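Working notes, structure below.
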Amino acid sequence: RENPGRLRALAPEILRLDVSEALLTLKACGFADFGALDWLDLPDATAAARAEDLLRELGAADARGALTADGRAMAHYPLHPRYSRMLVEAGRLGCAYECALIAAAAQGRGLWLAEGKRPHGSDLRSDLAAVIEALEACASEDFEPYACQRAGLKHAAARETWRTAKRLAGSAAAGGAGALALASKCFLRAFPDRVAVRLSAHGGRYRLAGGKSAKLDPKSAAADAELICAGEALESPGRGGAELTLSFAAEVRE
């Protein structure tokens with residue numbers, strides 16, 4: 001029987017999801033914007049404008065909306081423009097291997113095994129460093145299930161993430177000392193609007209660059225950092241309205 005509480009059909013995907021990757025692909029194919037093609041469902045005008053703004057902010061498009069050299073390089077990656085921007089920057093700074101691991105880890109969910117603060121051995125307060133170190137620990141043991149368990153990762157998900165990272169990194173080798181700090185700079189270039197400063201130690205409250213208040217996921221390895229950059233920002237209902245939670249974060253220095 002039909003469930004009266006269920007929608008008869010979902011809205012088309014292009015009307016529900018972030019369209020910035022689709023817009024970057026269109027520009028790389030020689031089309032100025034979504035209006036250059038006939039669509040069964042034209043993307044929402046607000047979402048399209050937001051995508052244009054993001055591509056300009058990331059340096060993928062100029063003020064006229066034309067693709068830049070960085071934008072053409074970004075279009076080679078099958079990723080959201082934020083992560084393709086990070087990888088283009090990583091190629092300049094010599095940390096492509098590290099950023100490929102970060103980008104690959106961000107593509108899926110369910111990589112970590114258990115709840116709780118993420119284990120990491122570096123002195124950086126960074127979920128980026130934590131996931132790189134955990135993946136490398138798994139790879140050093142050929143993703144043996146118990147080795148992955150010790151690292152805190154699900155072995156099948158870790159193996160697939162490693163394969164994705166290798167495809168993204170190409171021939172790039174590990175960057176060596178300082179590469180993790182450089183990777184945080186590339187991450188910052190991809191998420192300039194997700195920089196947040198700590199308001200109080202209690203509750204892990206932060207204020208984002210745009211003025212919004214948010215809390216940092218208590219599982220984050222970046223907990224207690226004064227200044228962070230976050231790769232994920234999730235809105236959920238709260239007692240006083242929408243609650244914004246930041247995660248996949250790294251400490252950055254002014």
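Ordered as shown in the structure tokens, chains take letters A, B, and onward, while each chain numbers its residues from 1 and ligands are numbered from 1 in the order shown.
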- Message: Taking the DSSP secondary structure from the backbone, can you list the residues of range 129-254 of chain A that are strand (DSSP E), as a PyMOL selection string?
- Response: chain A and resi 195-200+205-208+213-216+227-238+241-251
Write a file of the selected residues as a CSV table (one decimal), in the first residue's frame, keeping N, CA, C and O atoms.
chain,number,residue,atom,x,y,z
A,195,VAL,N,36.9,28.6,7.8
A,195,VAL,CA,37.8,28.9,8.8
A,195,VAL,C,37.0,29.4,10.0
A,195,VAL,O,36.0,30.1,9.9
A,196,ALA,N,37.4,28.9,11.2
A,196,ALA,CA,36.6,29.2,12.4
A,196,ALA,C,37.6,29.4,13.6
A,196,ALA,O,38.6,28.7,13.7
A,197,VAL,N,37.2,30.4,14.5
A,197,VAL,CA,38.0,30.7,15.6
A,197,VAL,C,37.2,30.2,16.9
A,197,VAL,O,36.0,30.3,16.9
A,198,ARG,N,38.0,29.7,17.8
A,198,ARG,CA,37.3,29.2,19.0
A,198,ARG,C,36.8,30.3,19.9
A,198,ARG,O,37.5,31.3,20.2
A,199,LEU,N,35.5,30.1,20.3
A,199,LEU,CA,34.9,31.1,21.2
A,199,LEU,C,35.1,30.8,22.7
A,199,LEU,O,35.3,31.6,23.5
A,200,SER,N,35.0,29.5,23.0
A,200,SER,CA,35.2,29.0,24.4
A,200,SER,C,35.6,27.6,24.4
A,200,SER,O,35.3,26.8,23.5
A,205,ARG,N,32.9,25.5,21.1
A,205,ARG,CA,32.1,26.5,20.2
A,205,ARG,C,33.1,27.3,19.4
A,205,ARG,O,34.2,27.8,19.9
A,206,TYR,N,32.8,27.5,18.1
A,206,TYR,CA,33.6,28.3,17.2
A,206,TYR,C,32.7,29.3,16.4
A,206,TYR,O,31.5,29.1,16.3
A,207,ARG,N,33.4,30.3,15.9
A,207,ARG,CA,32.7,31.3,15.1
A,207,ARG,C,33.4,31.2,13.7
A,207,ARG,O,34.6,31.4,13.5
A,208,LEU,N,32.5,31.0,12.7
A,208,LEU,CA,33.0,30.9,11.3
A,208,LEU,C,33.3,32.2,10.7
A,208,LEU,O,32.8,33.3,11.2
A,213,SER,N,27.8,30.8,14.3
A,213,SER,CA,28.4,30.0,15.4
A,213,SER,C,28.2,28.5,15.1
A,213,SER,O,27.2,28.1,14.4
A,214,ALA,N,29.2,27.7,15.5
A,214,ALA,CA,29.1,26.3,15.3
A,214,ALA,C,29.8,25.6,16.4
A,214,ALA,O,30.6,26.2,17.2
A,215,LYS,N,29.6,24.3,16.5
A,215,LYS,CA,30.4,23.5,17.4
A,215,LYS,C,31.3,22.5,16.6
A,215,LYS,O,30.9,22.1,15.5
A,216,LEU,N,32.4,22.2,17.2
A,216,LEU,CA,33.3,21.2,16.6
A,216,LEU,C,32.9,19.8,17.1
A,216,LEU,O,32.8,19.6,18.3
A,227,LEU,N,42.3,28.0,16.1
A,227,LEU,CA,41.9,28.4,14.8
A,227,LEU,C,41.9,27.1,13.9
A,227,LEU,O,42.9,26.4,13.9
A,228,ILE,N,40.7,26.8,13.3
A,228,ILE,CA,40.6,25.6,12.5
A,228,ILE,C,40.1,25.9,11.1
A,228,ILE,O,39.5,27.0,10.8
A,229,CYS,N,40.2,24.9,10.2
A,229,CYS,CA,39.6,24.9,8.9
A,229,CYS,C,38.9,23.6,8.8
A,229,CYS,O,39.5,22.5,9.1
A,230,ALA,N,37.6,23.6,8.5
A,230,ALA,CA,36.8,22.4,8.5
A,230,ALA,C,36.3,22.0,7.1
A,230,ALA,O,35.9,22.9,6.4
A,231,GLY,N,36.4,20.7,6.8
A,231,GLY,CA,35.9,20.3,5.5
A,231,GLY,C,34.5,19.9,5.5
A,231,GLY,O,33.9,19.8,4.4
A,232,GLU,N,33.8,19.7,6.6
A,232,GLU,CA,32.4,19.4,6.6
A,232,GLU,C,31.7,20.3,7.6
A,232,GLU,O,32.2,20.6,8.7
A,233,ALA,N,30.5,20.7,7.3
A,233,ALA,CA,29.6,21.5,8.1
A,233,ALA,C,28.2,20.9,8.0
A,233,ALA,O,27.6,21.1,6.9
A,234,LEU,N,27.7,20.3,9.0
A,234,LEU,CA,26.4,19.7,8.9
A,234,LEU,C,25.4,20.4,9.8
A,234,LEU,O,25.6,20.7,11.0
A,235,GLU,N,24.3,20.8,9.2
A,235,GLU,CA,23.2,21.5,9.9
A,235,GLU,C,22.2,20.4,10.4
A,235,GLU,O,21.8,19.5,9.7
A,236,SER,N,21.8,20.6,11.7
A,236,SER,CA,20.8,19.7,12.2
A,236,SER,C,19.9,20.5,13.1
A,236,SER,O,20.2,21.6,13.6
A,237,PRO,N,18.6,20.0,13.3
A,237,PRO,CA,17.7,20.8,14.2
A,237,PRO,C,18.2,20.9,15.6
A,237,PRO,O,18.8,19.9,16.2
A,238,GLY,N,18.0,22.0,16.2
A,238,GLY,CA,18.4,22.2,17.6
A,238,GLY,C,17.3,22.9,18.4
A,238,GLY,O,16.3,23.4,17.8
A,241,GLY,N,17.0,26.5,17.1
A,241,GLY,CA,17.1,26.6,15.7
A,241,GLY,C,18.1,25.6,15.1
A,241,GLY,O,18.5,24.6,15.8
A,242,ALA,N,18.6,25.8,13.9
A,242,ALA,CA,19.5,24.9,13.3
A,242,ALA,C,20.8,25.0,14.0
A,242,ALA,O,21.4,26.0,14.3
A,243,GLU,N,21.4,23.8,14.2
A,243,GLU,CA,22.7,23.7,14.9
A,243,GLU,C,23.7,23.3,13.8
A,243,GLU,O,23.5,22.3,13.1
A,244,LEU,N,24.8,24.0,13.8
A,244,LEU,CA,25.9,23.7,12.8
A,244,LEU,C,27.0,23.0,13.5
A,244,LEU,O,27.6,23.5,14.5
A,245,THR,N,27.4,21.8,13.0
A,245,THR,CA,28.5,21.0,13.5
A,245,THR,C,29.6,20.9,12.5
A,245,THR,O,29.4,20.4,11.4
A,246,LEU,N,30.8,21.2,12.9
A,246,LEU,CA,32.0,21.1,12.0
A,246,LEU,C,32.7,19.8,12.3
A,246,LEU,O,32.8,19.4,13.4
A,247,SER,N,33.3,19.3,11.2
A,247,SER,CA,34.1,18.0,11.4
A,247,SER,C,35.1,18.0,10.2
A,247,SER,O,35.1,18.9,9.4
A,248,PHE,N,35.9,16.9,10.2
A,248,PHE,CA,37.0,16.8,9.3
A,248,PHE,C,37.8,18.1,9.2
A,248,PHE,O,37.9,18.7,8.2
A,249,ALA,N,38.4,18.4,10.4
A,249,ALA,CA,39.0,19.7,10.6
A,249,ALA,C,40.5,19.6,10.9
A,249,ALA,O,41.0,18.6,11.3
A,250,ALA,N,41.2,20.7,10.7
A,250,ALA,CA,42.6,20.8,10.9
A,250,ALA,C,42.9,22.1,11.6
A,250,ALA,O,42.3,23.2,11.2
A,251,GLU,N,43.9,22.1,12.5
A,251,GLU,CA,44.3,23.4,13.1
A,251,GLU,C,45.1,24.2,12.0
A,251,GLU,O,45.9,23.6,11.2
Residues within 10 Å of Ala60 in chain A, only C-alpha atoms, excluding chain neighbours under 6 positions, as a PDB file with N, CA and C atoms, in the first residue's frame:
ATOM      1  N   LEU A  24      31.627  23.219 -13.310  1.00  0.00           N
ATOM      2  CA  LEU A  24      33.040  23.191 -13.707  1.00  0.00           C
ATOM      3  C   LEU A  24      33.222  22.317 -14.954  1.00  0.00           C
ATOM      4  N   LYS A  27      31.955  24.192 -18.044  1.00  0.00           N
ATOM      5  CA  LYS A  27      32.896  25.229 -18.479  1.00  0.00           C
ATOM      6  C   LYS A  27      34.108  24.600 -19.172  1.00  0.00           C
ATOM      7  N   GLU A  52      28.584  29.362  -9.203  1.00  0.00           N
ATOM      8  CA  GLU A  52      29.427  30.354  -9.889  1.00  0.00           C
ATOM      9  C   GLU A  52      30.304  31.082  -8.872  1.00  0.00           C
ATOM     10  N   LEU A  54      31.302  30.037  -5.958  1.00  0.00           N
ATOM     11  CA  LEU A  54      32.316  29.149  -5.411  1.00  0.00           C
ATOM     12  C   LEU A  54      33.476  28.975  -6.390  1.00  0.00           C
ATOM     13  N   ALA A  66      34.651  32.969 -16.980  1.00  0.00           N
ATOM     14  CA  ALA A  66      35.471  32.139 -17.870  1.00  0.00           C
ATOM     15  C   ALA A  66      36.434  31.291 -17.060  1.00  0.00           C
ATOM     16  N   LEU A  67      36.700  30.087 -17.549  1.00  0.00           N
ATOM     17  CA  LEU A  67      37.587  29.167 -16.852  1.00  0.00           C
ATOM     18  C   LEU A  67      39.022  29.693 -16.857  1.00  0.00           C
ATOM     19  N   THR A  68      39.697  29.586 -15.721  1.00  0.00           N
ATOM     20  CA  THR A  68      41.098  29.981 -15.606  1.00  0.00           C
ATOM     21  C   THR A  68      41.996  28.765 -15.852  1.00  0.00           C
ATOM     22  N   ALA A  69      43.301  28.989 -15.849  1.00  0.00           N
ATOM     23  CA  ALA A  69      44.236  27.870 -15.983  1.00  0.00           C
ATOM     24  C   ALA A  69      44.069  26.892 -14.826  1.00  0.00           C
ATOM     25  N   ASP A  70      43.887  27.425 -13.610  1.00  0.00           N
ATOM     26  CA  ASP A  70      43.647  26.545 -12.464  1.00  0.00           C
ATOM     27  C   ASP A  70      42.344  25.775 -12.645  1.00  0.00           C
ATOM     28  N   GLY A  71      41.332  26.439 -13.170  1.00  0.00           N
ATOM     29  CA  GLY A  71      40.051  25.776 -13.402  1.00  0.00           C
ATOM     30  C   GLY A  71      40.178  24.626 -14.384  1.00  0.00           C
ATOM     31  N   ARG A  72      40.967  24.814 -15.426  1.00  0.00           N
ATOM     32  CA  ARG A  72      41.169  23.729 -16.399  1.00  0.00           C
ATOM     33  C   ARG A  72      41.900  22.553 -15.746  1.00  0.00           C
ATOM     34  N   ALA A  73      42.865  22.866 -14.886  1.00  0.00           N
ATOM     35  CA  ALA A  73      43.565  21.796 -14.171  1.00  0.00           C
ATOM     36  C   ALA A  73      42.623  21.083 -13.200  1.00  0.00           C
ATOM     37  N   MET A  74      41.766  21.841 -12.548  1.00  0.00           N
ATOM     38  CA  MET A  74      40.812  21.255 -11.600  1.00  0.00           C
ATOM     39  C   MET A  74      39.835  20.312 -12.293  1.00  0.00           C
ATOM     40  N   ALA A  75      39.458  20.640 -13.508  1.00  0.00           N
ATOM     41  CA  ALA A  75      38.461  19.844 -14.234  1.00  0.00           C
ATOM     42  C   ALA A  75      38.966  18.438 -14.567  1.00  0.00           C
ATOM     43  N   PRO A  81      34.810  20.547  -6.743  1.00  0.00           N
ATOM     44  CA  PRO A  81      35.829  21.566  -7.001  1.00  0.00           C
ATOM     45  C   PRO A  81      36.681  21.947  -5.803  1.00  0.00           C
ATOM     46  N   ARG A  82      36.144  21.844  -4.608  1.00  0.00           N
ATOM     47  CA  ARG A  82      36.963  22.166  -3.436  1.00  0.00           C
ATOM     48  C   ARG A  82      38.168  21.230  -3.357  1.00  0.00           C
ATOM     49  N   SER A  84      39.364  19.290  -5.832  1.00  0.00           N
ATOM     50  CA  SER A  84      40.236  19.424  -7.005  1.00  0.00           C
ATOM     51  C   SER A  84      41.116  20.666  -6.858  1.00  0.00           C
ATOM     52  N   ARG A  85      40.586  21.722  -6.223  1.00  0.00           N
ATOM     53  CA  ARG A  85      41.399  22.921  -5.963  1.00  0.00           C
ATOM     54  C   ARG A  85      42.535  22.595  -5.002  1.00  0.00           C
TER      55      ARG A  85
END
Report as a short mmCIF file (atom, residue, chain, number, x, y, z; two decimals) with N, CA and C atoms, in the first residue's frame all protein, DNA and RNA residues lying within 10 Å of range 122-139 of chain A, evaluated on only C-alpha atoms, omitting residues in the same chain fewer than 2 positions from it.
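around-v3.cif, freshly written:
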data_model
loop_
_atom_site.label_atom_id
_atom_site.label_comp_id
_atom_site.auth_asym_id
_atom_site.auth_seq_id
_atom_site.Cartn_x
_atom_site.Cartn_y
_atom_site.Cartn_z
N TYR A 97 50.74 13.76 -2.70
CA TYR A 97 50.47 12.44 -2.11
C TYR A 97 49.57 12.59 -0.88
N GLU A 98 49.92 13.49 0.01
CA GLU A 98 49.16 13.69 1.24
C GLU A 98 47.75 14.20 0.93
N CYS A 99 47.65 15.14 0.02
CA CYS A 99 46.33 15.71 -0.31
C CYS A 99 45.46 14.70 -1.05
N ALA A 100 46.07 13.80 -1.81
CA ALA A 100 45.30 12.74 -2.47
C ALA A 100 44.67 11.82 -1.42
N LEU A 101 45.41 11.51 -0.36
CA LEU A 101 44.85 10.69 0.73
C LEU A 101 43.70 11.42 1.42
N ILE A 102 43.86 12.71 1.64
CA ILE A 102 42.79 13.51 2.27
C ILE A 102 41.55 13.52 1.40
N ALA A 103 41.74 13.79 0.10
CA ALA A 103 40.60 13.86 -0.82
C ALA A 103 39.90 12.51 -0.91
N ALA A 105 39.83 10.11 1.33
CA ALA A 105 39.14 9.83 2.59
C ALA A 105 37.84 10.61 2.70
N ALA A 106 37.78 11.78 2.07
CA ALA A 106 36.58 12.61 2.14
C ALA A 106 35.47 12.13 1.23
N LEU A 111 34.54 5.21 7.21
CA LEU A 111 35.93 4.76 7.17
C LEU A 111 36.43 4.38 8.56
N TRP A 112 36.07 5.19 9.56
CA TRP A 112 36.51 4.92 10.93
C TRP A 112 35.66 3.84 11.57
N LYS A 117 37.52 10.03 20.04
CA LYS A 117 38.50 10.91 19.41
C LYS A 117 39.43 10.11 18.51
N ARG A 118 39.74 10.68 17.35
CA ARG A 118 40.53 9.96 16.37
C ARG A 118 41.98 9.84 16.83
N PRO A 119 42.55 8.61 16.79
CA PRO A 119 43.95 8.46 17.20
C PRO A 119 44.89 9.02 16.14
N HIS A 120 45.95 9.67 16.57
CA HIS A 120 46.98 10.09 15.61
C HIS A 120 48.28 10.31 16.37
N GLU A 141 50.70 -2.84 6.38
CA GLU A 141 50.37 -4.23 6.73
C GLU A 141 49.47 -4.85 5.66
N ASP A 142 49.48 -4.26 4.46
CA ASP A 142 48.68 -4.76 3.34
C ASP A 142 47.20 -4.90 3.70
N PHE A 143 46.72 -3.97 4.52
CA PHE A 143 45.30 -3.89 4.89
C PHE A 143 44.79 -5.17 5.55
N GLU A 144 45.68 -5.80 6.31
CA GLU A 144 45.28 -6.96 7.12
C GLU A 144 44.23 -6.48 8.13
N PRO A 145 43.11 -7.19 8.27
CA PRO A 145 42.00 -6.69 9.09
C PRO A 145 42.38 -6.27 10.50
N TYR A 146 43.21 -7.05 11.19
CA TYR A 146 43.57 -6.68 12.56
C TYR A 146 44.46 -5.45 12.60
N ALA A 147 45.31 -5.29 11.59
CA ALA A 147 46.15 -4.09 11.52
C ALA A 147 45.28 -2.85 11.32
N CYS A 148 44.27 -2.97 10.47
CA CYS A 148 43.36 -1.85 10.25
C CYS A 148 42.55 -1.55 11.51
N GLN A 149 42.18 -2.61 12.21
CA GLN A 149 41.45 -2.42 13.46
C GLN A 149 42.29 -1.64 14.47
N ARG A 150 43.57 -1.96 14.54
CA ARG A 150 44.46 -1.23 15.46
C ARG A 150 44.56 0.24 15.06
N ALA A 151 44.52 0.49 13.75
CA ALA A 151 44.59 1.87 13.26
C ALA A 151 43.26 2.59 13.38
N GLY A 152 42.20 1.84 13.69
CA GLY A 152 40.88 2.45 13.87
C GLY A 152 40.04 2.52 12.62
N LEU A 153 40.45 1.81 11.56
CA LEU A 153 39.74 1.89 10.28
C LEU A 153 39.12 0.55 9.89
N LYS A 154 38.06 0.62 9.11
CA LYS A 154 37.46 -0.57 8.52
C LYS A 154 38.33 -1.00 7.34
N HIS A 155 38.75 -2.25 7.32
CA HIS A 155 39.80 -2.64 6.37
C HIS A 155 39.35 -2.54 4.92
N ALA A 158 39.22 1.12 4.02
CA ALA A 158 40.57 1.67 3.98
C ALA A 158 41.28 1.27 2.69
N ARG A 159 41.12 0.01 2.27
CA ARG A 159 41.76 -0.45 1.04
C ARG A 159 41.24 0.32 -0.17
N THR A 161 39.83 3.32 -0.18
CA THR A 161 40.30 4.71 -0.08
C THR A 161 41.73 4.83 -0.56
N TRP A 162 42.58 3.87 -0.20
CA TRP A 162 43.98 3.88 -0.62
C TRP A 162 44.08 3.78 -2.15
N ALA A 179 55.21 17.98 5.16
CA ALA A 179 54.18 17.81 4.13
C ALA A 179 52.77 17.90 4.71
N LEU A 180 52.59 17.42 5.96
CA LEU A 180 51.27 17.49 6.55
C LEU A 180 50.85 18.94 6.81
N ALA A 181 51.80 19.76 7.23
CA ALA A 181 51.49 21.18 7.43
C ALA A 181 51.18 21.86 6.10
N ALA A 183 49.88 20.35 3.53
CA ALA A 183 48.57 19.85 3.12
C ALA A 183 47.46 20.67 3.78
N SER A 184 47.67 21.11 5.01
CA SER A 184 46.68 21.96 5.68
C SER A 184 46.52 23.29 4.96
N PHE A 187 44.36 22.62 2.01
CA PHE A 187 43.00 22.44 2.51
C PHE A 187 42.35 23.79 2.77
N LYS A 219 34.69 14.34 18.48
CA LYS A 219 35.59 13.26 18.05
C LYS A 219 36.78 13.79 17.27
N SER A 220 36.71 15.06 16.87
CA SER A 220 37.75 15.61 16.01
C SER A 220 39.11 15.68 16.70
N ALA A 221 40.16 15.33 15.96
CA ALA A 221 41.53 15.45 16.47
C ALA A 221 41.94 16.91 16.59
N ALA A 222 41.16 17.83 16.00
CA ALA A 222 41.47 19.26 16.07
C ALA A 222 40.86 19.92 17.30
N ALA A 223 40.21 19.14 18.16
CA ALA A 223 39.59 19.70 19.36
C ALA A 223 40.61 20.50 20.16
N ASP A 224 40.19 21.63 20.67
CA ASP A 224 40.99 22.56 21.50
C ASP A 224 41.88 23.48 20.68
N ALA A 225 41.93 23.31 19.37
CA ALA A 225 42.71 24.25 18.54
C ALA A 225 42.02 25.61 18.52
N ILE A 228 40.74 26.83 13.28
CA ILE A 228 40.62 25.61 12.49
C ILE A 228 40.08 25.91 11.10
N CYS A 229 40.24 24.93 10.22
CA CYS A 229 39.56 24.93 8.93
C CYS A 229 38.85 23.59 8.83
N ALA A 230 37.57 23.60 8.51
CA ALA A 230 36.75 22.39 8.53
C ALA A 230 36.29 22.02 7.12
N GLY A 231 36.38 20.74 6.81
CA GLY A 231 35.94 20.26 5.51
C GLY A 231 34.47 19.92 5.45
N SER A 247 33.28 19.25 11.22
CA SER A 247 34.09 18.04 11.37
C SER A 247 35.10 17.98 10.23
N PHE A 248 35.91 16.91 10.21
CA PHE A 248 37.01 16.76 9.26
C PHE A 248 37.83 18.05 9.21
N ALA A 249 38.39 18.39 10.37
CA ALA A 249 38.99 19.70 10.57
C ALA A 249 40.50 19.60 10.86
N ALA A 250 41.17 20.72 10.65
CA ALA A 250 42.60 20.80 10.93
C ALA A 250 42.91 22.14 11.57
N GLU A 251 43.86 22.14 12.49
CA GLU A 251 44.33 23.38 13.06
C GLU A 251 45.09 24.16 11.98
N VAL A 252 44.84 25.45 11.92
CA VAL A 252 45.61 26.33 11.03
C VAL A 252 46.18 27.46 11.87
#
- Query: Looking only at the backbone, which of the residues in range 1-210 of chain A does DSSP tag as helix (DSSP H, G or I), as an MDAnalysis selection string?
  - Reply: chainID A and resid 13:15 20:28 34:36 45:57 69:74 81:93 96:107 127:140 145:151 155:169 179:190 192:194 202:204
- Message: Please report the interatomic distance between CA of Ala165 in chain A and CA of His80 in chain A in Å with one decimal.
- Response: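 Here the two named atoms are 14.7 Å from each other.
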- Which residue out of A:Ser140, A:Gly65, A:Gly91, A:Thr164 has the minimum interatomic distance to Gly30 in chain A when only C-alpha atoms are used? A:Gly65
- Quick one, how far is CA of Glu21 in chain A from CA of Asp33 in chain A? 12.0 Å
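Of the listed residues (A:Ala45, A:Ala90, A:Pro78, A:Leu40), A:Pro78 comes nearest to Ala22 in chain A; the distances count only C-alpha atoms.
Computed from the coordinates, the CA of Glu226 in chain A to CA of Ala177 in chain A distance equals 23.5 Å.
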